[in-house]
Amino acid sequence: MAAVRSSMNKLYGLCFHHAAGLKAPRLLQNRAFRVGAVHHQQPFDSSLEKPQFPGASAEFVDHLEFIQPNVISGIPVYRVMDRQGNIINPSQDPQLSKETVLNFYQKMTLLNTMDRILYESQRQGRISFYMTNYGEEGTHIGSAAALDPNDLVFGQYREAGVLMYRGFPLDLFMAQCYANADDLGKGRQMPVHYGSKDLNFVTISSPLATQIPQAAGAAYAVKRENINRAVICYFGEGAASEGDAHAGFNFSATLECPLIFFCRNNGYAISTPTNEQYRGDGIAARGPGYGMLSIRVDGNDVFAVYNATKEARRRAVAENQPFLIEAMTYRIGHHSTSDDSSAYRSVDEVNYWDKQDHPISRLRHYMTTRGWWSEDDERSWRKQSRKTVMEAFERAEKRQKPNPELLFSDVYEEMTPALNKQKEALSRHVQQYKEHYPLDLFDKYLP
């Protein structure tokens, strides 16, 4: 049994231990850009009765047998806490301070509160679109906490908690969703497409999975710079069915990039359940085929996510290789405000994950058992957090919209004659028909 366990550990990259960190000189030495690190084919020897094909490592066999699709199956789910918040194996306890754990909990619940308010805002017609993060808060906060602030993040569209943990203020979340004059994207993106250069969070793009090969390219650039930095790329299990996922996985493995692929397997690709998306054992099973170390974790266990991401980040930087983390979780909310999930899943199914296996309630059990959190603390924090979110919400709603002239900027360093012509045409049009345009709602616009 021990031999089987050792073999599985090597295959899936589950050997997560509390080893001392590498010292800086050795770390940079290990990260040196290895031009000669390509795996060369062994010299050809016609006398050997073994395969000489350059594309695989194997032996000859003399019987006909197809490989079964479940040759890699039953990948275990790594966890630290059970559903009641009890530590299962003390050696896996990350031993985080009370202040750190409280910060985890407050960020997870603040995200939950922001989601509820902005979701209702869309339902009232105040914003055009929204996507909640209900049930996936543990994947956001656990992974974000394990990264270095300098690490580059490529998100999909359900990682608001990662940005929140890095310090993105509520006012800017609201400004983006309202597309007002404070929006860093200048009102050009639909809601929830956040980005922050200061926080190393690449602006979210709607087309599915385009961030995966982009992250591979960024990680290759980081490798060439030879600095203590990693890239993390988030995506859902649905995005893993896109061709871009294959390209990103293969490039990162063959180019040996310090990249963490973080898959949130939440059960549904919009309305398509996982049993209609793929026939293999989830997403982690794909890692070995690309030559990547992989692990499957309980995404509702913030400590398991933290441990896995921290170790993957350490090794990605030290060894110049990609890691694949599949975080098993559940999307409690609708896919977006354009979706009604009651059409394809039952209320009982959603209630199970909401009431019995929620990442927020699990962490709360952990804190309560240690005397770090009480009912009074809960009531006080919920009241305070709602007040804070509502204040930011009200400020964003009152703020003016971006100056319409921003339609023409940020494409070329110098505005082209064609763009200048369009800008002048807009100005003439608005001046002529200004009674039809509420110019006072736009920031500093004087046509």
# chains A, B, ... in the order shown; residues from 1 in each chain; ligands from 1
>>> select_by_dssp(residues="range 177-421 of chain A", states="strand (DSSP E)", output="VMD selection string")
chain A and resid 201 to 202 231 to 236 259 to 265 268 to 269 272 to 273 293 to 298 323 to 328
>>> residues_around(residues="Met164 in chain A", least_positions_apart="3", cutoff="12 Å", atoms="only C-alpha atoms", output="VMD selection string")
chain A and resid 103 to 104 106 to 112 114 137 140 to 141 144 to 145 158 to 161 167 to 173 194 to 196 199 201
>>> write_last_selection(atoms="N, CA, C and O atoms", output="short mmCIF file (atom, residue, chain, number, x, y, z; two decimals), in the first residue's frame")
data_model
loop_
_atom_site.label_atom_id
_atom_site.label_comp_id
_atom_site.auth_asym_id
_atom_site.auth_seq_id
_atom_site.Cartn_x
_atom_site.Cartn_y
_atom_site.Cartn_z
N ASN A 103 -8.96 37.77 8.71
CA ASN A 103 -8.92 38.49 7.43
C ASN A 103 -9.50 37.64 6.31
O ASN A 103 -10.26 38.14 5.46
N PHE A 104 -9.17 36.34 6.30
CA PHE A 104 -9.77 35.42 5.33
C PHE A 104 -11.28 35.50 5.40
O PHE A 104 -11.98 35.67 4.40
N GLN A 106 -13.33 37.70 6.83
CA GLN A 106 -13.94 39.00 6.54
C GLN A 106 -13.92 39.30 5.04
O GLN A 106 -14.88 39.87 4.52
N LYS A 107 -12.86 38.90 4.35
CA LYS A 107 -12.84 39.11 2.89
C LYS A 107 -13.87 38.22 2.20
O LYS A 107 -14.56 38.66 1.26
N MET A 108 -14.00 36.98 2.65
CA MET A 108 -14.98 36.07 2.04
C MET A 108 -16.40 36.57 2.24
O MET A 108 -17.23 36.55 1.32
N THR A 109 -16.71 37.04 3.44
CA THR A 109 -18.06 37.52 3.72
C THR A 109 -18.32 38.89 3.10
O THR A 109 -19.45 39.18 2.69
N LEU A 110 -17.29 39.73 3.01
CA LEU A 110 -17.45 41.03 2.35
C LEU A 110 -17.75 40.83 0.87
O LEU A 110 -18.61 41.52 0.30
N LEU A 111 -17.06 39.88 0.25
CA LEU A 111 -17.34 39.55 -1.15
C LEU A 111 -18.78 39.07 -1.30
O LEU A 111 -19.48 39.47 -2.24
N ASN A 112 -19.22 38.25 -0.38
CA ASN A 112 -20.58 37.73 -0.41
C ASN A 112 -21.60 38.85 -0.29
O ASN A 112 -22.62 38.88 -1.01
N MET A 114 -21.08 42.10 -1.05
CA MET A 114 -21.02 42.90 -2.28
C MET A 114 -21.79 42.22 -3.40
O MET A 114 -22.52 42.88 -4.16
N GLU A 137 -15.96 31.36 -2.72
CA GLU A 137 -15.12 32.33 -2.01
C GLU A 137 -13.82 31.72 -1.49
O GLU A 137 -12.78 32.38 -1.44
N HIS A 140 -10.98 31.71 -4.02
CA HIS A 140 -10.40 33.04 -4.25
C HIS A 140 -9.41 33.40 -3.15
O HIS A 140 -8.25 33.71 -3.42
N ILE A 141 -9.90 33.38 -1.92
CA ILE A 141 -9.10 33.89 -0.80
C ILE A 141 -7.94 32.96 -0.48
O ILE A 141 -6.82 33.42 -0.22
N ALA A 144 -5.31 33.47 -3.30
CA ALA A 144 -4.73 34.82 -3.29
C ALA A 144 -3.76 35.01 -2.13
O ALA A 144 -2.71 35.65 -2.29
N ALA A 145 -4.10 34.44 -0.97
CA ALA A 145 -3.26 34.60 0.22
C ALA A 145 -1.92 33.89 0.06
O ALA A 145 -0.94 34.25 0.72
N ARG A 158 -14.83 35.20 -12.57
CA ARG A 158 -15.39 34.91 -11.26
C ARG A 158 -14.26 34.81 -10.22
O ARG A 158 -14.18 33.85 -9.44
N GLU A 159 -13.38 35.80 -10.23
CA GLU A 159 -12.28 35.85 -9.27
C GLU A 159 -12.19 37.19 -8.56
O GLU A 159 -11.12 37.68 -8.24
N ALA A 160 -13.34 37.81 -8.31
CA ALA A 160 -13.33 39.13 -7.67
C ALA A 160 -12.67 39.08 -6.30
O ALA A 160 -12.05 40.05 -5.87
N GLY A 161 -12.78 37.93 -5.62
CA GLY A 161 -12.18 37.81 -4.28
C GLY A 161 -10.67 37.89 -4.30
O GLY A 161 -10.06 38.36 -3.34
N GLY A 167 -6.39 44.11 -2.17
CA GLY A 167 -6.58 45.49 -1.74
C GLY A 167 -7.37 46.37 -2.68
O GLY A 167 -7.42 47.60 -2.50
N PHE A 168 -7.99 45.78 -3.69
CA PHE A 168 -8.83 46.57 -4.60
C PHE A 168 -10.01 47.12 -3.81
O PHE A 168 -10.78 46.36 -3.21
N PRO A 169 -10.20 48.44 -3.76
CA PRO A 169 -11.24 49.02 -2.90
C PRO A 169 -12.64 48.83 -3.44
O PRO A 169 -12.86 48.71 -4.65
N LEU A 170 -13.60 48.82 -2.54
CA LEU A 170 -15.01 48.68 -2.92
C LEU A 170 -15.43 49.77 -3.89
O LEU A 170 -16.24 49.52 -4.80
N ASP A 171 -14.91 50.98 -3.71
CA ASP A 171 -15.28 52.08 -4.61
C ASP A 171 -14.94 51.76 -6.06
O ASP A 171 -15.69 52.12 -6.98
N LEU A 172 -13.81 51.08 -6.27
CA LEU A 172 -13.42 50.75 -7.65
C LEU A 172 -14.20 49.56 -8.19
O LEU A 172 -14.45 49.49 -9.40
N PHE A 173 -14.58 48.62 -7.33
CA PHE A 173 -15.48 47.55 -7.78
C PHE A 173 -16.79 48.17 -8.28
O PHE A 173 -17.30 47.84 -9.35
N TYR A 194 -13.00 43.40 -14.22
CA TYR A 194 -12.08 44.22 -13.44
C TYR A 194 -10.64 44.07 -13.93
O TYR A 194 -10.29 43.12 -14.62
N GLY A 195 -9.81 45.00 -13.53
CA GLY A 195 -8.38 44.94 -13.81
C GLY A 195 -7.66 45.98 -12.99
O GLY A 195 -8.25 47.01 -12.63
N SER A 196 -6.41 45.72 -12.66
CA SER A 196 -5.63 46.69 -11.89
C SER A 196 -4.14 46.49 -12.16
O SER A 196 -3.57 45.46 -11.77
N LEU A 199 -2.10 46.32 -8.92
CA LEU A 199 -2.22 45.08 -8.15
C LEU A 199 -1.87 43.85 -8.98
O LEU A 199 -2.14 42.71 -8.56
N PHE A 201 -3.09 42.57 -11.67
CA PHE A 201 -4.27 41.78 -12.05
C PHE A 201 -4.67 42.20 -13.46
O PHE A 201 -5.18 43.31 -13.68
#
>>> closest_atom_pairs(of="range 254-347 of chain A", to="range 226-238 of chain A", cutoff="9 Å", atoms="only C-alpha atoms", output="JSON lines")
{"residue": "A:Cys257", "atom": "CA", "partner": "A:Ala230", "partner_atom": "CA", "distance": 8.6}
{"residue": "A:Pro258", "atom": "CA", "partner": "A:Ala230", "partner_atom": "CA", "distance": 5.3}
{"residue": "A:Leu259", "atom": "CA", "partner": "A:Val231", "partner_atom": "CA", "distance": 4.8}
{"residue": "A:Ile260", "atom": "CA", "partner": "A:Ile232", "partner_atom": "CA", "distance": 4.6}
{"residue": "A:Phe261", "atom": "CA", "partner": "A:Cys233", "partner_atom": "CA", "distance": 5.0}
{"residue": "A:Phe262", "atom": "CA", "partner": "A:Tyr234", "partner_atom": "CA", "distance": 4.8}
{"residue": "A:Cys263", "atom": "CA", "partner": "A:Phe235", "partner_atom": "CA", "distance": 5.1}
{"residue": "A:Arg264", "atom": "CA", "partner": "A:Gly236", "partner_atom": "CA", "distance": 4.8}
{"residue": "A:Asn265", "atom": "CA", "partner": "A:Glu237", "partner_atom": "CA", "distance": 4.9}
{"residue": "A:Asn266", "atom": "CA", "partner": "A:Gly236", "partner_atom": "CA", "distance": 7.2}
{"residue": "A:Gly267", "atom": "CA", "partner": "A:Glu237", "partner_atom": "CA", "distance": 7.8}
{"residue": "A:Tyr268", "atom": "CA", "partner": "A:Gly238", "partner_atom": "CA", "distance": 7.2}
{"residue": "A:Ala269", "atom": "CA", "partner": "A:Gly238", "partner_atom": "CA", "distance": 4.7}
{"residue": "A:Ile270", "atom": "CA", "partner": "A:Gly238", "partner_atom": "CA", "distance": 8.1}
{"residue": "A:Thr272", "atom": "CA", "partner": "A:Gly238", "partner_atom": "CA", "distance": 8.3}
{"residue": "A:Thr274", "atom": "CA", "partner": "A:Glu237", "partner_atom": "CA", "distance": 8.0}
{"residue": "A:Gln277", "atom": "CA", "partner": "A:Gly238", "partner_atom": "CA", "distance": 7.2}
{"residue": "A:Gly282", "atom": "CA", "partner": "A:Glu237", "partner_atom": "CA", "distance": 8.0}
{"residue": "A:Ile283", "atom": "CA", "partner": "A:Glu237", "partner_atom": "CA", "distance": 6.8}
{"residue": "A:Arg313", "atom": "CA", "partner": "A:Ala230", "partner_atom": "CA", "distance": 6.7}
{"residue": "A:Arg314", "atom": "CA", "partner": "A:Ala230", "partner_atom": "CA", "distance": 8.8}
{"residue": "A:Ala316", "atom": "CA", "partner": "A:Ala230", "partner_atom": "CA", "distance": 7.0}
{"residue": "A:Val317", "atom": "CA", "partner": "A:Ala230", "partner_atom": "CA", "distance": 6.1}
{"residue": "A:Ala318", "atom": "CA", "partner": "A:Asn228", "partner_atom": "CA", "distance": 8.3}
{"residue": "A:Glu326", "atom": "CA", "partner": "A:Glu237", "partner_atom": "CA", "distance": 8.6}
>>> residues_around(residues="Leu407 in chain A", least_positions_apart="4", cutoff="12 Å", atoms="only C-alpha atoms", output="JSON, numbers by chain")
{"A": [185, 186, 187, 188, 189, 402, 403, 411, 412, 415, 419, 420, 422, 423, 426]}
>>> closest_residue(among="A:Arg83, A:Lys310, A:His335, A:Arg428", to="Tyr130 in chain A", atoms="only C-alpha atoms")
A:His335
>>> atom_distance(atom1="CA of Pro69 in chain A", atom2="CA of Pro288 in chain A")
13.7 Å
>>> residues_around(residues="Ala308 in chain A", least_positions_apart="4", cutoff="12 Å", atoms="only C-alpha atoms", output="MDAnalysis selection string")
chainID A and resid 13:18 77:80 92:94 139 142:147 260:262 293:299 301:304 312:316 323:327
>>> select_by_dssp(residues="range 220-332 of chain A", states="alpha helix (DSSP H)", output="ChimeraX atom specification")
/A:220-225,243-254,287-290,302-319
>>> closest_residue(among="A:Asn70, A:Ser206, A:Thr132, A:Asn180", to="Ile117 in chain A", atoms="only C-alpha atoms")
A:Thr132
>>> decode(residues="range 225-268 of chain A", atoms="N, CA and C atoms", output="short mmCIF file (atom, residue, chain, number, x, y, z; two decimals), in the first residue's frame")
data_model
loop_
_atom_site.label_atom_id
_atom_site.label_comp_id
_atom_site.auth_asym_id
_atom_site.auth_seq_id
_atom_site.Cartn_x
_atom_site.Cartn_y
_atom_site.Cartn_z
N GLU A 225 13.24 36.81 -17.44
CA GLU A 225 13.71 37.90 -16.58
C GLU A 225 14.48 37.37 -15.37
N ASN A 226 14.26 36.08 -15.06
CA ASN A 226 14.97 35.43 -13.96
C ASN A 226 14.78 36.15 -12.63
N ILE A 227 13.52 36.38 -12.30
CA ILE A 227 13.18 37.05 -11.04
C ILE A 227 12.25 36.16 -10.22
N ASN A 228 12.15 36.46 -8.96
CA ASN A 228 11.32 35.68 -8.05
C ASN A 228 9.85 36.06 -8.24
N ARG A 229 9.27 35.55 -9.32
CA ARG A 229 7.89 35.91 -9.64
C ARG A 229 7.21 34.74 -10.34
N ALA A 230 5.92 34.58 -10.09
CA ALA A 230 5.14 33.53 -10.74
C ALA A 230 3.92 34.16 -11.40
N VAL A 231 3.25 33.38 -12.22
CA VAL A 231 2.00 33.78 -12.86
C VAL A 231 0.95 32.76 -12.45
N ILE A 232 -0.25 33.22 -12.17
CA ILE A 232 -1.36 32.31 -11.89
C ILE A 232 -2.49 32.62 -12.87
N CYS A 233 -3.09 31.57 -13.38
CA CYS A 233 -4.16 31.71 -14.37
C CYS A 233 -5.39 30.96 -13.89
N TYR A 234 -6.48 31.68 -13.69
CA TYR A 234 -7.73 31.08 -13.23
C TYR A 234 -8.66 30.80 -14.42
N PHE A 235 -9.40 29.71 -14.32
CA PHE A 235 -10.41 29.39 -15.33
C PHE A 235 -11.34 28.33 -14.75
N GLY A 236 -12.49 28.16 -15.40
CA GLY A 236 -13.43 27.14 -14.98
C GLY A 236 -13.25 25.86 -15.77
N GLU A 237 -13.91 24.80 -15.31
CA GLU A 237 -13.76 23.53 -16.02
C GLU A 237 -14.35 23.60 -17.42
N GLY A 238 -15.31 24.50 -17.64
CA GLY A 238 -15.86 24.68 -18.97
C GLY A 238 -14.84 25.26 -19.92
N ALA A 239 -14.06 26.24 -19.43
CA ALA A 239 -13.02 26.85 -20.26
C ALA A 239 -11.93 25.85 -20.63
N ALA A 240 -11.76 24.82 -19.81
CA ALA A 240 -10.74 23.80 -20.10
C ALA A 240 -11.10 22.98 -21.34
N SER A 241 -12.33 23.11 -21.83
CA SER A 241 -12.72 22.43 -23.07
C SER A 241 -12.39 23.24 -24.31
N GLU A 242 -11.93 24.47 -24.11
CA GLU A 242 -11.56 25.32 -25.24
C GLU A 242 -10.18 24.95 -25.77
N GLY A 243 -9.97 25.19 -27.05
CA GLY A 243 -8.66 24.90 -27.65
C GLY A 243 -7.53 25.71 -27.04
N ASP A 244 -7.85 26.91 -26.58
CA ASP A 244 -6.83 27.75 -25.95
C ASP A 244 -6.23 27.08 -24.72
N ALA A 245 -7.02 26.25 -24.02
CA ALA A 245 -6.50 25.56 -22.84
C ALA A 245 -5.38 24.60 -23.25
N HIS A 246 -5.60 23.85 -24.31
CA HIS A 246 -4.56 22.93 -24.79
C HIS A 246 -3.29 23.69 -25.15
N ALA A 247 -3.44 24.79 -25.87
CA ALA A 247 -2.27 25.56 -26.28
C ALA A 247 -1.51 26.08 -25.06
N GLY A 248 -2.24 26.62 -24.08
CA GLY A 248 -1.60 27.17 -22.89
C GLY A 248 -0.90 26.09 -22.07
N PHE A 249 -1.57 24.95 -21.88
CA PHE A 249 -0.96 23.85 -21.11
C PHE A 249 0.33 23.37 -21.79
N ASN A 250 0.25 23.17 -23.10
CA ASN A 250 1.39 22.60 -23.81
C ASN A 250 2.56 23.57 -23.88
N PHE A 251 2.28 24.83 -24.16
CA PHE A 251 3.36 25.82 -24.21
C PHE A 251 4.05 25.94 -22.85
N SER A 252 3.27 26.02 -21.78
CA SER A 252 3.86 26.23 -20.46
C SER A 252 4.72 25.05 -20.04
N ALA A 253 4.30 23.83 -20.42
CA ALA A 253 5.07 22.64 -20.04
C ALA A 253 6.34 22.52 -20.86
N THR A 254 6.24 22.71 -22.17
CA THR A 254 7.43 22.56 -23.02
C THR A 254 8.42 23.69 -22.84
N LEU A 255 7.93 24.88 -22.51
CA LEU A 255 8.82 26.02 -22.27
C LEU A 255 9.24 26.14 -20.81
N GLU A 256 8.72 25.24 -19.98
CA GLU A 256 9.06 25.18 -18.55
C GLU A 256 8.87 26.54 -17.86
N CYS A 257 7.62 26.94 -17.75
CA CYS A 257 7.27 28.26 -17.24
C CYS A 257 6.79 28.21 -15.79
N PRO A 258 7.11 29.23 -14.99
CA PRO A 258 6.65 29.30 -13.60
C PRO A 258 5.19 29.76 -13.54
N LEU A 259 4.29 28.83 -13.80
CA LEU A 259 2.88 29.17 -13.98
C LEU A 259 2.00 28.20 -13.20
N ILE A 260 1.00 28.74 -12.50
CA ILE A 260 0.01 27.92 -11.80
C ILE A 260 -1.30 28.03 -12.55
N PHE A 261 -1.77 26.92 -13.09
CA PHE A 261 -3.10 26.86 -13.68
C PHE A 261 -4.07 26.50 -12.56
N PHE A 262 -5.02 27.39 -12.31
CA PHE A 262 -5.97 27.17 -11.20
C PHE A 262 -7.37 27.01 -11.78
N CYS A 263 -7.85 25.78 -11.79
CA CYS A 263 -9.17 25.49 -12.35
C CYS A 263 -10.21 25.43 -11.25
N ARG A 264 -11.22 26.27 -11.35
CA ARG A 264 -12.37 26.20 -10.43
C ARG A 264 -13.40 25.26 -11.06
N ASN A 265 -13.43 24.02 -10.61
CA ASN A 265 -14.41 23.07 -11.14
C ASN A 265 -15.67 23.20 -10.29
N ASN A 266 -16.61 24.04 -10.75
CA ASN A 266 -17.80 24.33 -9.95
C ASN A 266 -19.04 23.57 -10.40
N GLY A 267 -18.86 22.58 -11.27
CA GLY A 267 -19.97 21.70 -11.61
C GLY A 267 -20.71 22.03 -12.90
N TYR A 268 -20.66 23.29 -13.31
CA TYR A 268 -21.44 23.69 -14.49
C TYR A 268 -20.68 24.69 -15.36
#
